>>> print(open('model24.txt').read())   # compact mmCIF, C-alpha atoms and all ligand atoms
# COMPACT_ATOMS: atom_id res chain seq x y z
CA MET A 10 -21.64 68.08 -21.82
CA LYS A 11 -18.26 66.54 -22.02
CA MET A 12 -16.53 66.28 -25.39
CA THR A 13 -15.01 62.85 -26.01
CA LEU A 14 -13.77 60.66 -28.86
CA ARG A 15 -14.24 56.97 -29.37
CA TRP A 16 -10.99 55.03 -29.10
CA PHE A 17 -10.52 51.32 -29.76
CA GLY A 18 -7.28 50.83 -27.80
CA SER A 19 -3.66 51.14 -28.94
CA LYS A 20 -3.60 47.68 -30.53
CA HIS A 21 -6.57 48.33 -32.81
CA ASP A 22 -6.83 52.06 -33.40
CA SER A 23 -4.80 54.07 -35.90
CA VAL A 24 -5.55 57.16 -33.82
CA THR A 25 -3.42 57.73 -30.72
CA LEU A 26 -4.38 59.10 -27.32
CA GLU A 27 -1.82 61.87 -27.85
CA GLN A 28 -3.67 62.96 -30.99
CA ILE A 29 -7.03 62.82 -29.25
CA ARG A 30 -5.71 64.96 -26.41
CA GLN A 31 -4.89 67.73 -28.88
CA ILE A 32 -8.48 68.07 -30.04
CA PRO A 33 -9.66 71.27 -28.36
CA GLY A 34 -12.03 70.58 -25.49
CA CYS A 35 -11.71 66.81 -25.68
CA VAL A 36 -11.39 65.52 -22.13
CA GLY A 37 -11.83 61.81 -22.47
CA VAL A 38 -12.25 58.71 -24.55
CA ILE A 39 -15.07 56.27 -24.90
CA THR A 40 -13.31 52.98 -25.13
CA THR A 41 -13.68 49.24 -24.78
CA LEU A 42 -11.73 46.05 -24.36
CA TYR A 43 -11.87 45.31 -28.05
CA ASP A 44 -10.53 41.78 -27.72
CA SER A 45 -13.12 40.68 -25.19
CA LYS A 46 -15.92 38.43 -26.39
CA PRO A 47 -19.57 39.00 -25.50
CA GLY A 48 -20.34 37.08 -22.32
CA GLU A 49 -16.83 37.22 -20.88
CA VAL A 50 -16.10 38.81 -17.52
CA TRP A 51 -13.84 41.86 -17.76
CA GLY A 52 -11.22 41.31 -15.09
CA LYS A 53 -10.15 44.02 -12.67
CA GLU A 54 -6.52 44.10 -13.87
CA VAL A 55 -7.37 44.73 -17.51
CA ILE A 56 -9.77 47.50 -16.56
CA VAL A 57 -7.16 49.11 -14.32
CA ALA A 58 -4.53 48.85 -17.08
CA MET A 59 -6.89 50.42 -19.63
CA LYS A 60 -7.66 53.29 -17.28
CA LYS A 61 -4.04 53.86 -16.45
CA GLU A 62 -3.01 54.04 -20.10
CA VAL A 63 -5.69 56.62 -20.86
CA GLU A 64 -4.96 58.69 -17.76
CA LEU A 65 -1.21 58.71 -18.44
CA ALA A 66 -2.05 60.40 -21.72
CA GLY A 67 -3.91 63.15 -19.87
CA LEU A 68 -7.42 61.91 -20.66
CA GLU A 69 -10.14 60.09 -18.76
CA VAL A 70 -12.19 57.02 -19.55
CA SER A 71 -15.54 58.78 -19.93
CA GLY A 72 -17.43 55.60 -20.69
CA ILE A 73 -17.40 52.18 -22.28
CA GLU A 74 -18.69 51.46 -25.77
CA SER A 75 -19.56 48.69 -25.68
CA VAL A 76 -19.90 45.93 -23.15
CA ASN A 77 -21.58 43.68 -25.70
CA ILE A 78 -24.51 41.47 -24.81
CA HIS A 79 -24.25 37.74 -25.43
CA ASP A 80 -26.73 36.42 -27.99
CA ASP A 81 -28.14 33.93 -25.46
CA ILE A 82 -29.43 36.93 -23.49
CA LYS A 83 -31.01 38.49 -26.56
CA ILE A 84 -32.54 35.18 -27.61
CA GLY A 85 -33.67 34.38 -24.05
CA LEU A 86 -32.01 30.96 -23.75
CA PRO A 87 -31.78 29.23 -20.36
CA THR A 88 -28.02 29.90 -20.42
CA ARG A 89 -28.72 33.63 -20.31
CA ASP A 90 -28.58 33.76 -16.52
CA LYS A 91 -24.96 32.71 -16.51
CA TYR A 92 -24.09 35.44 -19.03
CA ILE A 93 -26.09 38.00 -17.06
CA GLU A 94 -24.08 37.07 -13.96
CA ASN A 95 -20.91 37.63 -15.95
CA TYR A 96 -22.23 40.97 -17.15
CA ILE A 97 -22.95 41.98 -13.58
CA GLU A 98 -19.43 41.03 -12.55
CA THR A 99 -18.05 43.21 -15.34
CA LEU A 100 -20.26 46.09 -14.19
CA GLU A 101 -19.00 45.67 -10.63
CA ASN A 102 -15.40 45.72 -11.80
CA LEU A 103 -16.04 48.84 -13.89
CA GLY A 104 -17.99 50.47 -11.07
CA GLU A 105 -15.20 49.88 -8.61
CA GLU A 106 -12.88 51.74 -10.95
CA GLY A 107 -15.32 54.65 -11.12
CA ILE A 108 -16.36 53.95 -14.72
CA ASN A 109 -20.06 54.67 -14.72
CA LEU A 110 -21.28 54.85 -18.30
CA VAL A 111 -21.90 51.76 -20.42
CA CYS A 112 -23.17 51.93 -23.98
CA TYR A 113 -24.56 48.72 -25.45
CA ASN A 114 -27.00 47.64 -28.11
CA PHE A 115 -29.71 45.02 -28.35
CA MET A 116 -29.64 44.33 -32.08
CA PRO A 117 -29.73 40.67 -33.07
CA VAL A 118 -26.84 39.17 -35.08
CA PHE A 119 -25.64 42.39 -36.68
CA ASP A 120 -24.77 45.62 -34.99
CA TRP A 121 -24.94 48.54 -37.47
CA THR A 122 -25.24 47.76 -41.19
CA ARG A 123 -24.06 49.58 -44.32
CA SER A 124 -24.01 48.68 -47.99
CA ASP A 125 -20.81 50.62 -48.71
CA LEU A 126 -18.02 51.60 -46.35
CA ALA A 127 -16.21 53.90 -48.77
CA LYS A 128 -18.60 55.63 -51.13
CA ILE A 129 -16.80 58.37 -53.02
CA ARG A 130 -18.32 61.82 -52.69
CA ARG A 131 -18.03 64.80 -54.99
CA ASP A 132 -15.41 66.36 -52.69
CA GLY A 133 -13.21 63.25 -53.11
CA SER A 134 -13.70 62.03 -49.55
CA THR A 135 -15.38 58.72 -48.78
CA VAL A 136 -18.26 57.90 -46.48
CA LEU A 137 -20.32 54.97 -45.27
CA SER A 138 -23.61 54.63 -47.04
CA TYR A 139 -26.76 52.54 -46.99
CA ASP A 140 -29.05 51.46 -49.78
CA GLN A 141 -31.85 49.06 -48.89
CA GLU A 142 -32.11 47.86 -52.51
CA LEU A 143 -28.47 46.74 -52.41
CA ILE A 144 -28.91 45.12 -48.99
CA ASP A 145 -31.94 43.22 -50.31
CA LYS A 146 -29.74 41.63 -52.96
CA ILE A 147 -27.15 40.39 -50.48
CA ASN A 148 -27.53 37.38 -48.27
CA PRO A 149 -26.49 37.85 -44.66
CA ASP A 150 -23.57 35.46 -45.08
CA SER A 151 -21.87 37.44 -47.80
CA MET A 152 -22.73 40.66 -45.98
CA PHE A 153 -20.02 39.88 -43.47
CA LYS A 154 -17.50 39.28 -46.24
CA GLU A 155 -18.48 42.58 -47.88
CA MET A 156 -17.93 44.48 -44.66
CA GLU A 157 -14.61 42.75 -44.07
CA SER A 158 -13.20 43.32 -47.55
CA ASN A 159 -14.24 46.93 -47.46
CA SER A 160 -12.78 47.97 -44.14
CA ASN A 161 -9.17 49.07 -44.84
CA GLY A 162 -7.95 45.98 -43.00
CA PHE A 163 -9.52 47.04 -39.69
CA GLU A 164 -11.78 44.80 -37.69
CA LEU A 165 -15.12 46.61 -37.45
CA PRO A 166 -16.98 46.94 -34.17
CA GLY A 167 -19.95 44.59 -34.26
CA TRP A 168 -18.49 42.70 -37.24
CA GLU A 169 -15.96 40.57 -35.44
CA PRO A 170 -14.59 37.55 -37.39
CA GLU A 171 -15.91 35.05 -34.86
CA ARG A 172 -19.42 36.15 -35.85
CA LEU A 173 -18.59 35.47 -39.49
CA ALA A 174 -18.26 31.77 -38.76
CA ARG A 175 -21.68 31.68 -37.05
CA VAL A 176 -24.02 33.74 -39.22
CA LYS A 177 -26.19 30.84 -40.36
CA GLU A 178 -26.32 29.38 -36.88
CA LEU A 179 -27.23 32.76 -35.38
CA PHE A 180 -30.08 33.29 -37.84
CA GLU A 181 -31.40 29.87 -36.95
CA MET A 182 -31.17 30.66 -33.24
CA TYR A 183 -33.13 33.90 -33.69
CA LYS A 184 -35.87 32.38 -35.82
CA ASP A 185 -38.51 32.46 -33.07
CA VAL A 186 -37.48 35.82 -31.66
CA ASP A 187 -39.90 38.49 -32.79
CA GLU A 188 -40.02 42.09 -31.57
CA GLU A 189 -42.12 41.20 -28.54
CA LYS A 190 -39.77 38.44 -27.46
CA LEU A 191 -36.70 40.59 -27.99
CA PHE A 192 -38.31 43.36 -25.95
CA GLU A 193 -39.13 40.94 -23.09
CA ASN A 194 -35.56 39.67 -23.15
CA LEU A 195 -34.22 43.20 -22.95
CA VAL A 196 -36.45 43.97 -19.97
CA TYR A 197 -35.40 40.73 -18.26
CA PHE A 198 -31.75 41.68 -18.71
CA LEU A 199 -32.25 45.25 -17.49
CA LYS A 200 -34.20 44.21 -14.40
CA ALA A 201 -31.43 41.79 -13.48
CA ILE A 202 -28.60 44.32 -13.77
CA MET A 203 -30.31 47.42 -12.33
CA PRO A 204 -29.49 46.75 -8.65
CA THR A 205 -25.78 46.67 -9.53
CA CYS A 206 -26.10 49.78 -11.68
CA LYS A 207 -27.81 51.61 -8.84
CA LYS A 208 -25.19 50.49 -6.34
CA TYR A 209 -22.31 51.82 -8.47
CA GLY A 210 -24.13 54.72 -10.13
CA ILE A 211 -23.64 53.11 -13.54
CA MET A 212 -25.75 54.56 -16.35
CA MET A 213 -26.69 52.01 -18.98
CA ALA A 214 -27.12 53.75 -22.31
CA ILE A 215 -28.73 51.65 -25.01
CA HIS A 216 -27.69 52.51 -28.53
CA MET A 217 -30.33 53.14 -31.17
CA ASP A 218 -30.81 50.50 -33.86
CA ASP A 219 -28.91 51.37 -37.01
CA PRO A 220 -30.53 51.76 -39.45
CA ALA A 221 -33.80 52.39 -37.64
CA TRP A 222 -35.72 49.55 -39.28
CA SER A 223 -35.55 45.81 -39.60
CA VAL A 224 -32.68 44.46 -41.69
CA PHE A 225 -32.69 40.86 -43.00
CA ASN A 226 -36.04 40.41 -41.23
CA LEU A 227 -34.42 40.59 -37.83
CA PRO A 228 -36.46 42.33 -35.13
CA ARG A 229 -35.55 45.90 -34.17
CA ILE A 230 -36.97 47.57 -31.08
CA ILE A 231 -35.01 50.76 -30.32
CA ASN A 232 -35.79 52.76 -33.40
CA ASN A 233 -38.41 55.44 -32.73
CA LYS A 234 -39.90 57.61 -29.99
CA GLU A 235 -42.72 55.23 -29.12
CA ASN A 236 -40.52 52.15 -28.82
CA ILE A 237 -37.90 54.00 -26.83
CA GLN A 238 -40.59 55.30 -24.48
CA ARG A 239 -41.87 51.78 -23.96
CA MET A 240 -38.42 50.53 -23.07
CA LEU A 241 -37.79 53.38 -20.62
CA ASP A 242 -41.20 52.87 -19.00
CA ALA A 243 -40.66 49.13 -18.59
CA VAL A 244 -37.71 49.79 -16.28
CA PRO A 245 -38.37 53.31 -15.03
CA ILE A 246 -35.05 54.00 -13.33
CA GLU A 247 -32.56 56.71 -14.29
CA ASN A 248 -29.82 54.09 -14.70
CA ASN A 249 -31.80 52.59 -17.57
CA GLY A 250 -31.06 55.22 -20.17
CA LEU A 251 -30.11 56.04 -23.72
CA THR A 252 -27.31 56.74 -26.12
CA ILE A 253 -28.93 59.16 -28.51
CA CYS A 254 -27.34 58.39 -31.86
CA THR A 255 -28.44 61.03 -34.35
CA GLY A 256 -27.20 59.10 -37.36
CA SER A 257 -29.10 55.96 -36.38
CA LEU A 258 -32.37 57.67 -35.48
CA GLY A 259 -31.92 60.07 -38.38
CA SER A 260 -31.80 57.24 -40.92
CA ASN A 261 -35.59 57.41 -40.71
CA PRO A 262 -36.70 60.95 -41.64
CA ASN A 263 -39.88 60.49 -39.59
CA ASN A 264 -37.84 60.56 -36.38
CA ASP A 265 -37.87 64.10 -35.02
CA ILE A 266 -34.55 64.01 -33.15
CA PRO A 267 -34.78 67.31 -31.21
CA ASP A 268 -38.24 66.27 -30.03
CA ILE A 269 -36.98 62.82 -29.01
CA ILE A 270 -34.13 64.43 -27.07
CA ARG A 271 -36.48 66.82 -25.26
CA SER A 272 -38.91 64.01 -24.45
CA PHE A 273 -36.28 61.86 -22.76
CA LYS A 274 -34.70 64.49 -20.55
CA GLY A 275 -32.99 62.82 -17.58
CA ARG A 276 -32.58 59.50 -19.37
CA ILE A 277 -30.01 60.51 -22.01
CA HIS A 278 -26.58 59.66 -20.70
CA PHE A 279 -24.52 59.74 -23.87
CA ALA A 280 -24.84 61.12 -27.41
CA HIS A 281 -23.30 60.22 -30.76
CA ILE A 282 -23.66 63.18 -33.04
CA ARG A 283 -23.34 62.95 -36.80
CA ASN A 284 -25.10 64.02 -39.95
CA LEU A 285 -26.36 62.12 -42.97
CA ILE A 286 -28.05 62.89 -46.22
CA HIS A 287 -31.24 61.17 -47.36
CA HIS A 288 -31.57 60.10 -50.98
CA GLY A 289 -35.03 58.54 -50.73
CA PRO A 290 -36.66 55.80 -48.68
CA GLY A 291 -34.07 53.41 -47.26
CA LYS A 292 -31.20 55.23 -48.90
CA PHE A 293 -28.70 57.55 -47.25
CA ASP A 294 -25.05 58.55 -47.16
CA GLU A 295 -23.23 59.67 -44.08
CA ALA A 296 -22.01 63.27 -44.30
CA ALA A 297 -19.72 65.81 -42.67
CA HIS A 298 -21.04 67.02 -39.34
CA LEU A 299 -21.96 70.49 -40.66
CA SER A 300 -25.75 70.90 -41.03
CA SER A 301 -25.55 72.15 -44.62
CA ASP A 302 -23.65 69.02 -45.68
CA GLY A 303 -26.55 66.71 -44.85
CA SER A 304 -30.23 66.42 -43.96
CA LEU A 305 -30.06 66.89 -40.18
CA ASP A 306 -30.18 70.23 -38.39
CA MET A 307 -27.21 69.96 -36.08
CA TYR A 308 -27.93 73.29 -34.41
CA GLU A 309 -31.40 72.08 -33.35
CA ILE A 310 -29.96 68.78 -32.13
CA VAL A 311 -27.22 70.41 -30.05
CA LYS A 312 -29.69 73.04 -28.80
CA ALA A 313 -32.06 70.30 -27.60
CA LEU A 314 -29.18 68.61 -25.75
CA TYR A 315 -28.23 71.95 -24.25
CA ASP A 316 -31.81 72.67 -23.21
CA ILE A 317 -32.21 69.35 -21.38
CA GLY A 318 -29.03 70.13 -19.45
CA MET A 319 -26.97 67.33 -20.96
CA LYS A 320 -24.07 66.63 -18.60
CA GLY A 321 -22.85 63.34 -19.99
CA PRO A 322 -20.30 62.67 -22.73
CA ILE A 323 -21.02 63.44 -26.34
CA ARG A 324 -18.84 62.43 -29.22
CA PRO A 325 -18.61 63.25 -32.87
CA ASP A 326 -19.65 60.07 -34.60
CA HIS A 327 -18.54 58.59 -37.90
CA GLY A 328 -16.52 60.98 -39.99
CA ARG A 329 -15.68 60.99 -43.67
CA MET A 330 -12.29 59.62 -44.69
CA ILE A 331 -10.41 62.75 -45.73
CA TRP A 332 -6.89 64.01 -46.49
CA GLY A 333 -5.65 60.56 -47.48
CA GLU A 334 -6.12 59.04 -44.05
CA LYS A 335 -6.26 55.24 -43.83
CA ALA A 336 -8.30 54.28 -40.80
CA MET A 337 -11.23 52.19 -39.70
CA PRO A 338 -14.22 53.33 -41.81
CA GLY A 339 -15.98 56.11 -39.93
CA TYR A 340 -13.31 56.31 -37.26
CA GLY A 341 -10.42 58.30 -38.70
CA LEU A 342 -8.95 61.20 -36.77
CA TYR A 343 -9.34 64.13 -39.15
CA ASP A 344 -13.03 64.39 -39.85
CA ARG A 345 -14.01 63.44 -36.33
CA ALA A 346 -11.70 66.18 -35.02
CA LEU A 347 -13.42 68.62 -37.38
CA GLY A 348 -16.74 67.33 -36.06
CA ALA A 349 -15.67 67.89 -32.44
CA ALA A 350 -14.54 71.44 -33.22
CA TYR A 351 -17.85 72.19 -34.92
CA LEU A 352 -19.93 70.72 -32.09
CA ASN A 353 -17.88 72.69 -29.55
CA GLY A 354 -18.57 75.83 -31.58
CA LEU A 355 -22.30 75.19 -31.65
CA TRP A 356 -22.32 74.52 -27.91
CA GLU A 357 -20.38 77.68 -27.09
CA ALA A 358 -22.66 79.83 -29.23
CA ILE A 359 -25.81 78.32 -27.71
CA ASP A 360 -24.39 78.68 -24.21
CA LYS A 361 -23.41 82.32 -24.71
CA SER A 362 -26.71 83.35 -26.22
CA ALA A 363 -28.60 81.57 -23.42
CA LYS A 364 -26.65 83.57 -20.84
CA LYS A 365 -27.13 87.00 -22.46
C1 LIG A 401 -20.98 51.99 -34.95
C2 LIG A 401 -21.37 52.16 -33.56
C3 LIG A 401 -21.99 50.92 -32.99
C4 LIG A 401 -22.20 51.08 -31.50
C5 LIG A 401 -22.89 49.92 -30.85
C6 LIG A 401 -23.13 50.17 -29.40
O1 LIG A 401 -20.18 52.74 -35.44
O2 LIG A 401 -22.17 53.27 -33.37
O3 LIG A 401 -21.16 49.82 -33.23
O4 LIG A 401 -20.95 51.24 -30.89
O5 LIG A 401 -24.08 49.63 -31.47
O6 LIG A 401 -23.22 48.95 -28.74
>>> encode(input="model24.txt", output="structure tokens", more="lines below")
Ligand code: DNO
Amino acid sequence: MKMTLRWFGSKHDSVTLEQIRQIPGCVGVITTLYDSKPGEVWGKEVIVAMKKEVELAGLEVSGIESVNIHDDIKIGLPTRDKYIENYIETLENLGEEGINLVCYNFMPVFDWTRSDLAKIRRDGSTVLSYDQELIDKINPDSMFKEMESNSNGFELPGWEPERLARVKELFEMYKDVDEEKLFENLVYFLKAIMPTCKKYGIMMAIHMDDPAWSVFNLPRIINNKENIQRMLDAVPIENNGLTICTGSLGSNPNNDIPDIIRSFKGRIHFAHIRNLIHHGPGKFDEAAHLSSDGSLDMYEIVKALYDIGMKGPIRPDHGRMIWGEKAMPGYGLYDRALGAAYLNGLWEAIDKSAKK
């Protein structure tokens, strides 16, 4: 594996490349062009400039999170072909620069969802949390406002202001899209981009739905072993792969994450590793990465990744907000750096005992 950190670019991130470079073992960043809109072509020059900035700081661009998918592709509108062509052009431009990992999601309207971005814990830190009962009381329109007012002034990935203006319209557009339709649209998209991915060796790594069930009655299709298997089988090529996100899958305690990891050996190109604590059905708080701080067994998760021979990037995922840091919820420096150190420690211990 390769230890990396997510980075939103110098204009948007409170964390600097210089800080990331000082995290032991961290070789690269997972980044994006945060100002690009879904459907736009990423030009060569901006990709080159992004790469250069990262490399000057002594790091590599280990992958992109995300090249977002235009809603017309997810909905399956006739205009989707134009946006797929644009996506392919972006992939070509990335591929020509040697960037060969792309994380994306296929969730309608909303990317990840939380009911609180700064829940205070007993240790005084804050975390993101989810409570289905609270979500059920909110309408999707005010959900955006909640997320915005709660985010320390940072624009959240997947909650961009331009979406805010279109929530009602988007819900209307998705009204006939059920899980089957969404699945078909995903397969259509994947089949169209696979030749380009093969040509450039680009691994597409779909992110798990977060949380792993339907929110606001919108369809969700990448949320458990069976559904993931179906998606991998529909386009059975290595380049059609996964971002294993332990926090997303782990929101549903029925998901056996080490088993899922072992089952999809060869198709896992990227992993987001974090812990969370369950408080009952549909209710969880994010936690520190350490196993004993939450409900997930991080040793078993890292061991499964080790056992399948994971070569791709992994990154600590959302951290708590600690030590007075003011950053994008989930994406401060301090707790993610602690997470990276812990994951490195687990990996080293597993590696050494395997070689004894
Ligand atoms: C949230 C992230 C997601 C993820 C996208 C991938 O913190 O895990 O926004 O980046 O779903 O496209």
>>> closest_atom_pairs(input="model24.txt", of="chain A", to="ligand LIG 401 (chain A)", cutoff="8 Å", atoms="only C-alpha atoms and all ligand atoms", output="Markdown table")
| residue | atom | partner | partner_atom | distance |
| --- | --- | --- | --- | --- |
| A:Glu74 | CA | A:LIG401 | O4 | 5.6 |
| A:Ser75 | CA | A:LIG401 | O6 | 4.8 |
| A:Val76 | CA | A:LIG401 | O6 | 7.2 |
| A:Asn77 | CA | A:LIG401 | O6 | 6.3 |
| A:Cys112 | CA | A:LIG401 | O6 | 5.6 |
| A:Tyr113 | CA | A:LIG401 | O6 | 3.6 |
| A:Asn114 | CA | A:LIG401 | O6 | 4.0 |
| A:Phe115 | CA | A:LIG401 | O6 | 7.6 |
| A:Met116 | CA | A:LIG401 | O5 | 7.7 |
| A:Asp120 | CA | A:LIG401 | O5 | 5.4 |
| A:Trp121 | CA | A:LIG401 | O3 | 5.8 |
| A:Pro166 | CA | A:LIG401 | O3 | 5.2 |
| A:Gly167 | CA | A:LIG401 | O3 | 5.5 |
| A:Ile215 | CA | A:LIG401 | O6 | 7.2 |
| A:His216 | CA | A:LIG401 | C6 | 5.2 |
| A:Met217 | CA | A:LIG401 | O5 | 7.2 |
| A:Asp218 | CA | A:LIG401 | O5 | 7.2 |
| A:Asp219 | CA | A:LIG401 | O5 | 7.6 |
| A:Cys254 | CA | A:LIG401 | O2 | 7.4 |
| A:His281 | CA | A:LIG401 | O2 | 7.5 |
| A:Asp326 | CA | A:LIG401 | O2 | 7.4 |
| A:His327 | CA | A:LIG401 | O1 | 6.6 |
| A:Gly339 | CA | A:LIG401 | O1 | 7.0 |
| A:Tyr340 | CA | A:LIG401 | O1 | 8.0 |
>>> closest_residue(input="model24.txt", among="A:Gly259, A:Pro290, A:Gly85, A:Pro322", to="Ile73 of chain A", atoms="all atoms listed in the file")
A:Pro322
>>> atom_distance(input="model24.txt", atom1="atom CA of Tyr209 of chain A", atom2="atom CA of Ile82 of chain A")
22.3 Å
>>> residues_around(input="model24.txt", residues="Val63 of chain A", least_positions_apart="6", cutoff="9 Å", atoms="all atoms listed in the file", output="list in words")
Leu26, Gly37, Val38, Glu69 and Val70 of chain A
>>> residues_around(input="model24.txt", residues="Phe273 of chain A", least_positions_apart="6", cutoff="10 Å", atoms="all atoms listed in the file", output="number ranges by chain")
A: 234, 237-238, 241, 250-251, 253, 317
>>> atom_distance(input="model24.txt", atom1="atom CA of Arg30 of chain A", atom2="atom CA of Ile56 of chain A")
20.5 Å
